[in-house]
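Student: My structure is below; once you've seen it, I'll send some questions.
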There are 2 protein chains.
Amino acid sequence: MRSGERDYVGALQKGLAVIEALGASEARLSLSEVARSASLTRAAARRYLLTLARLGYAEFDGGRFSLTPHVLRLGYAYFSSASLPRLAQPIVERIGERTHEVASIAVLDGAEILFLARSARRRIISASTGVGTRMPAYCTAIGRVLLAARADADIERFLKDIRPKKFTPRTLTGQRDLLQAILGARREGYAISDEELEIGLRSIAVPVADSRGQVRLAMSVSLQAARMTPAQMTEHLLPELRAGAAQLSTMI
Amino acid sequence: MRSGERDYVGALQKGLAVIEALGASEARLSLSEVARSASLTRAAARRYLLTLARLGYAEFDGGRFSLTPHVLRLGYAYFSSASLPRLAQPIVERIGERTHEVASIAVLDGAEILFLARSARRRIISASTGVGTRMPAYCTAIGRVLLAARADADIERFLKDIRPKKFTPRTLTGQRDLLQAILGARREGYAISDEELEIGLRSIAVPVADSRGQVRLAMSVSLQAARMTPAQMTEHLLPELRAGAAQLSTMI
DNA sequence: TCATAATGTGCGCATTGCGCACACATAATT
DNA sequence: AATTATGTGTGCGCAATGCGCACATTATGA
């Protein structure tokens, strides 16, 4: 597969698309479902599935395919090889202890944020912020502070490309509203997501700049909305986040 | 790449090997290092690396390659798609609360165990038992109860194939000793690893049978050795583990 | 500066991944 | 129960894709 480019292995791209297709479904998938999801012919999909099964990354129960734990080797490769999660985890845990809420660190990944570290849960909050979890960037506090660090043209392209879903009555979905929120995050140096992702959930986030002043990470605290008003969050949680962000900044 | 088999895509296998090579190193890798580690020619390794970079799974700083958080999509695909981690996590958390120690669930993956769920850390124990972490099966309590559920021929083959490293003066490495420990785990229905992996660390584990009576999972509690003797662990922790394992058994 | 090692690149080639067509199996409908 | 529709497995021939090679270029170390 030259794809207009010499050093590109199309078979690898297709195989990875098959893994993602399997992972995107909560149910086990048939051959045809995988083929459709990964945009391949049935014959090709079958070859990739059989290869993954042979290598131990997937299994086949005679009718349907699913991933095996072995595939964690691929994802966790990042944690083994990158120093950032190791540096971030203690910081996030300490913020969690001091605030008695859930603290997290995430990066931008396409139109989503991807969680890299998280403190222990102190209370039931249903939004899943476990490590490796993804959420839409546009309506999360972390997403907004990360977008705020982008060039304006990037932000505009982002806003033009997304199809924002309205998760709650409070979810901002208009381009102008979102742009205002992102620019506000840039101006204030933090963002609050106020029941936009889920009713009853509030988050506050700050950016973490690295030694070159680049912002590729952000840190947040999330909690049940009943516990604090946005103003209280600014007053009580923001200082902790800023201290944690400053500390992590010195390490990366 | 037919490899004596028609429906096998060798390029996918090589690409996945490159991901694992990157993940196995704590430092960023040069092209030649990846090629050596993944047993490929430089030209092939370069193609796979450039493909991964193009797809966002890896990045290149002009000299060296490393994985990006995007690769978490592959690993975490398992958690999104499999019900087991969701079912297991609350159980493990409750055992952690009741015992005030770290509870974990793991599966066998080759010669290693792979952690799938873990309760919050209550105290500093240095052995890394985070989700996705791998450890050698031969000297961990979980590994031993999982091996105990295997056929004798499997166990013998396993013992013949491994090259056990002696982590501490207490690590069992002789085939006879290991076989005795595994058979003991089978007889007693649990195993204790007593400072074999790391000085100061003790673990106790039980198998979790599924509805067909198959054992593909095990559950453990790990703690600082100073906190309990093996006899105390058997007395205080084993009942909790057995209750948790029985509960999880009804769900899978 | 020189020698060595590593990386980047273009090339021709054969092998590998490809889609196709058909046989077979399963599920759904009449 | 018979028929129809859908999905899966398999063998095949083919050309496009991944391949290694050789050389140019760059980087590193002494």
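Naming works like this for the structure tokens: A, B, ... for the chains as they're shown, residue 1 at the start of each chain, ligands 1 onward in shown order.
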What parts of range 5-247 of chain B does DSSP call helix (DSSP H, G or I)? I'd like the answer as a ChimeraX atom specification.
Tutor: /B:10-23,31-37,42-55,69-81,84-99,141-148,152-161,175-188,225-227,230-236,238-247
Student: Please return as a list of chain:residue names: the residues of range 87-132 of chain B that backbone DSSP assigns to strand (DSSP E).
Tutor: B:Val102, B:Ala103, B:Ser104, B:Ile105, B:Ala106, B:Val107, B:Leu108, B:Asp109, B:Glu112, B:Ile113, B:Leu114, B:Phe115, B:Leu116, B:Ala117, B:Arg118
Student: Chain A near chain B within 8 Å: what's each residue's closest atom pair and its distance in Å to one decimal, counting only C-alpha atoms, ordered by chain then ascending residue number, as a tab-separated table?
Tutor:
```
residue	atom	partner	partner_atom	distance
A:Asp7	CA	B:Arg47	CA	4.8
A:Tyr8	CA	B:Thr51	CA	5.0
A:Val9	CA	B:Thr51	CA	6.0
A:Ala11	CA	B:Ala11	CA	6.1
A:Leu12	CA	B:Leu12	CA	4.8
A:Gln13	CA	B:Leu55	CA	7.5
A:Gly15	CA	B:Leu12	CA	5.9
A:Leu16	CA	B:Leu74	CA	7.8
A:Ile19	CA	B:Leu74	CA	6.6
A:Glu20	CA	B:Leu74	CA	6.2
A:Leu22	CA	B:Ser81	CA	7.1
A:Gly23	CA	B:Ala77	CA	3.9
A:Ala24	CA	B:Ser81	CA	6.5
A:Ser25	CA	B:Ser81	CA	5.5
A:Glu26	CA	B:Ser81	CA	4.2
A:Ala27	CA	B:Ser81	CA	6.6
A:Arg28	CA	B:Ser81	CA	7.8
A:Arg46	CA	B:Asp7	CA	7.7
A:Arg47	CA	B:Asp7	CA	4.8
A:Tyr48	CA	B:Val9	CA	6.4
A:Leu50	CA	B:Tyr8	CA	6.6
A:Thr51	CA	B:Tyr8	CA	5.0
A:Leu55	CA	B:Gln13	CA	7.5
A:Ser66	CA	B:Ser81	CA	7.7
A:Leu67	CA	B:Tyr78	CA	5.8
A:Thr68	CA	B:Tyr78	CA	6.7
A:Pro69	CA	B:Tyr78	CA	6.4
A:His70	CA	B:Asp109	CA	6.4
A:Val71	CA	B:Gly75	CA	5.4
A:Leu72	CA	B:Gly75	CA	4.2
A:Arg73	CA	B:Gly75	CA	6.6
A:Leu74	CA	B:Gly75	CA	5.3
A:Gly75	CA	B:Gly75	CA	3.4
A:Tyr76	CA	B:Gly132	CA	5.9
A:Ala77	CA	B:Gly23	CA	3.9
A:Tyr78	CA	B:Leu67	CA	5.8
A:Phe79	CA	B:Gly23	CA	7.8
A:Ser80	CA	B:Gly23	CA	6.0
A:Ser81	CA	B:Glu26	CA	4.2
A:Ala82	CA	B:Glu26	CA	6.5
A:Ser83	CA	B:Glu26	CA	7.6
A:Val107	CA	B:Pro69	CA	7.8
A:Asp109	CA	B:His70	CA	6.4
A:Leu114	CA	B:Pro69	CA	7.6
A:Leu116	CA	B:Pro69	CA	7.8
A:Ala120	CA	B:Ala120	CA	6.1
A:Gly132	CA	B:Leu72	CA	5.8
A:Thr133	CA	B:Tyr76	CA	7.6
```
Student: Output N, CA and C atoms of each residue in that selection to a file, as a short mmCIF file (atom, residue, chain, number, x, y, z; two decimals), in the first residue's frame.
Tutor:
```cif
data_model
loop_
_atom_site.label_atom_id
_atom_site.label_comp_id
_atom_site.auth_asym_id
_atom_site.auth_seq_id
_atom_site.Cartn_x
_atom_site.Cartn_y
_atom_site.Cartn_z
N ASP A 7 7.14 5.00 2.36
CA ASP A 7 7.49 4.28 3.58
C ASP A 7 6.29 4.14 4.51
N TYR A 8 5.22 3.65 3.97
CA TYR A 8 3.99 3.53 4.74
C TYR A 8 3.46 2.11 4.55
N VAL A 9 3.21 1.43 5.64
CA VAL A 9 2.77 0.04 5.56
C VAL A 9 1.27 0.00 5.82
N ALA A 11 -0.82 -2.37 5.61
CA ALA A 11 -1.32 -3.53 6.35
C ALA A 11 -1.31 -3.27 7.85
N LEU A 12 -0.31 -2.52 8.31
CA LEU A 12 -0.27 -2.21 9.73
C LEU A 12 -1.43 -1.29 10.10
N GLN A 13 -1.68 -0.31 9.29
CA GLN A 13 -2.80 0.58 9.55
C GLN A 13 -4.10 -0.20 9.62
N GLY A 15 -4.55 -3.39 10.31
CA GLY A 15 -4.57 -4.23 11.49
C GLY A 15 -4.90 -3.43 12.75
N LEU A 16 -4.33 -2.25 12.87
CA LEU A 16 -4.61 -1.42 14.04
C LEU A 16 -6.07 -0.95 14.03
N ILE A 19 -8.08 -3.66 15.55
CA ILE A 19 -8.02 -3.66 17.02
C ILE A 19 -8.94 -2.58 17.57
N GLU A 20 -8.89 -1.41 16.99
CA GLU A 20 -9.75 -0.33 17.48
C GLU A 20 -11.23 -0.66 17.28
N LEU A 22 -12.60 -3.65 17.34
CA LEU A 22 -12.98 -4.59 18.39
C LEU A 22 -13.14 -3.87 19.72
N GLY A 23 -12.26 -2.93 19.96
CA GLY A 23 -12.29 -2.22 21.24
C GLY A 23 -13.44 -1.25 21.36
N ALA A 24 -13.95 -0.81 20.23
CA ALA A 24 -15.01 0.19 20.28
C ALA A 24 -16.37 -0.42 20.58
N SER A 25 -16.44 -1.73 20.57
CA SER A 25 -17.73 -2.37 20.79
C SER A 25 -17.74 -3.08 22.13
N GLU A 26 -18.82 -2.96 22.83
CA GLU A 26 -18.93 -3.67 24.11
C GLU A 26 -19.27 -5.14 23.91
N ALA A 27 -19.83 -5.45 22.75
CA ALA A 27 -20.16 -6.85 22.47
C ALA A 27 -19.05 -7.45 21.62
N ARG A 28 -19.00 -8.78 21.66
CA ARG A 28 -18.11 -9.45 20.73
C ARG A 28 -18.63 -9.23 19.31
N ARG A 46 -10.95 -10.78 7.84
CA ARG A 46 -10.75 -12.11 8.37
C ARG A 46 -9.26 -12.41 8.56
N ARG A 47 -8.47 -12.00 7.58
CA ARG A 47 -7.03 -12.23 7.69
C ARG A 47 -6.42 -11.52 8.89
N TYR A 48 -6.85 -10.28 9.10
CA TYR A 48 -6.29 -9.53 10.23
C TYR A 48 -6.77 -10.13 11.56
N LEU A 50 -7.61 -13.23 12.12
CA LEU A 50 -6.92 -14.50 12.36
C LEU A 50 -5.47 -14.27 12.77
N THR A 51 -4.87 -13.24 12.22
CA THR A 51 -3.50 -12.91 12.62
C THR A 51 -3.46 -12.46 14.08
N LEU A 55 -1.61 -14.32 17.22
CA LEU A 55 -0.62 -13.63 18.05
C LEU A 55 -1.10 -13.46 19.49
N SER A 66 -13.15 -11.20 19.95
CA SER A 66 -13.02 -10.19 21.00
C SER A 66 -11.54 -10.04 21.35
N LEU A 67 -11.21 -8.96 22.01
CA LEU A 67 -9.82 -8.74 22.42
C LEU A 67 -9.49 -9.56 23.66
N THR A 68 -8.24 -9.88 23.82
CA THR A 68 -7.77 -10.54 25.03
C THR A 68 -6.96 -9.56 25.86
N PRO A 69 -6.74 -9.90 27.14
CA PRO A 69 -5.90 -9.02 27.95
C PRO A 69 -4.50 -8.78 27.37
N HIS A 70 -4.05 -9.69 26.57
CA HIS A 70 -2.73 -9.54 25.96
C HIS A 70 -2.56 -8.21 25.24
N VAL A 71 -3.67 -7.67 24.77
CA VAL A 71 -3.60 -6.42 24.02
C VAL A 71 -3.21 -5.25 24.95
N LEU A 72 -3.35 -5.48 26.26
CA LEU A 72 -2.89 -4.46 27.20
C LEU A 72 -1.40 -4.18 27.05
N ARG A 73 -0.67 -5.17 26.60
CA ARG A 73 0.74 -4.95 26.32
C ARG A 73 0.99 -3.77 25.40
N LEU A 74 0.11 -3.59 24.47
CA LEU A 74 0.29 -2.51 23.51
C LEU A 74 0.03 -1.16 24.17
N GLY A 75 -1.11 -1.09 24.88
CA GLY A 75 -1.45 0.19 25.49
C GLY A 75 -0.52 0.54 26.62
N TYR A 76 -0.25 -0.42 27.43
CA TYR A 76 0.60 -0.14 28.58
C TYR A 76 2.05 0.04 28.22
N ALA A 77 2.36 -0.30 26.98
CA ALA A 77 3.70 0.01 26.50
C ALA A 77 4.00 1.49 26.74
N TYR A 78 2.96 2.31 26.57
CA TYR A 78 3.19 3.74 26.78
C TYR A 78 3.62 4.04 28.21
N PHE A 79 2.98 3.42 29.15
CA PHE A 79 3.32 3.70 30.55
C PHE A 79 4.70 3.18 30.93
N SER A 80 5.03 2.03 30.36
CA SER A 80 6.36 1.48 30.66
C SER A 80 7.45 2.38 30.12
N SER A 81 7.17 2.99 28.98
CA SER A 81 8.24 3.68 28.26
C SER A 81 8.27 5.17 28.49
N ALA A 82 7.18 5.73 29.02
CA ALA A 82 7.14 7.17 29.17
C ALA A 82 7.30 7.54 30.64
N SER A 83 8.07 8.57 30.90
CA SER A 83 8.31 8.94 32.29
C SER A 83 7.17 9.79 32.85
N VAL A 107 -4.28 14.49 28.26
CA VAL A 107 -3.73 15.14 27.08
C VAL A 107 -4.81 15.20 26.00
N ASP A 109 -6.02 14.29 22.36
CA ASP A 109 -5.75 13.24 21.38
C ASP A 109 -6.84 13.37 20.32
N LEU A 114 -7.57 12.41 26.68
CA LEU A 114 -7.20 11.05 27.05
C LEU A 114 -6.56 11.14 28.43
N LEU A 116 -4.37 10.22 31.58
CA LEU A 116 -3.10 9.52 31.79
C LEU A 116 -2.85 9.17 33.24
N ALA A 120 -7.21 8.24 43.43
CA ALA A 120 -8.25 7.29 43.85
C ALA A 120 -9.59 8.01 43.94
N GLY A 132 -6.61 6.05 30.58
CA GLY A 132 -6.92 5.50 29.26
C GLY A 132 -8.28 5.87 28.74
N THR A 133 -9.11 6.38 29.63
CA THR A 133 -10.46 6.81 29.21
C THR A 133 -10.37 8.04 28.32
#
```
Student: Using only C-alpha atoms (C1' of nucleotides), find each residue of chain D with at least one atom at most 10 Å away from an atom of chain B; report its shortest atom-to-atom pair and that distance in Å (one decimal), sort the rows by chain and rising residue number, and return the result as a Markdown table.
Tutor:
```
| residue | atom | partner | partner_atom | distance |
| --- | --- | --- | --- | --- |
| D:DT10 | C1' | B:Arg6 | CA | 9.8 |
| D:DG11 | C1' | B:Arg6 | CA | 10.0 |
| D:DG18 | C1' | B:Ala11 | CA | 8.0 |
| D:DC19 | C1' | B:Ala44 | CA | 7.7 |
| D:DG20 | C1' | B:Ala43 | CA | 7.7 |
| D:DC21 | C1' | B:Ala43 | CA | 9.8 |
| D:DA27 | C1' | B:Gly63 | CA | 9.9 |
```
Student: Pull out every residue of chain C that has at least one atom within 8 Å of chain B, counting only C-alpha atoms (C1' of nucleotides), and report them as a PyMOL selection string.
Tutor: chain C and resi 6-7+15-17
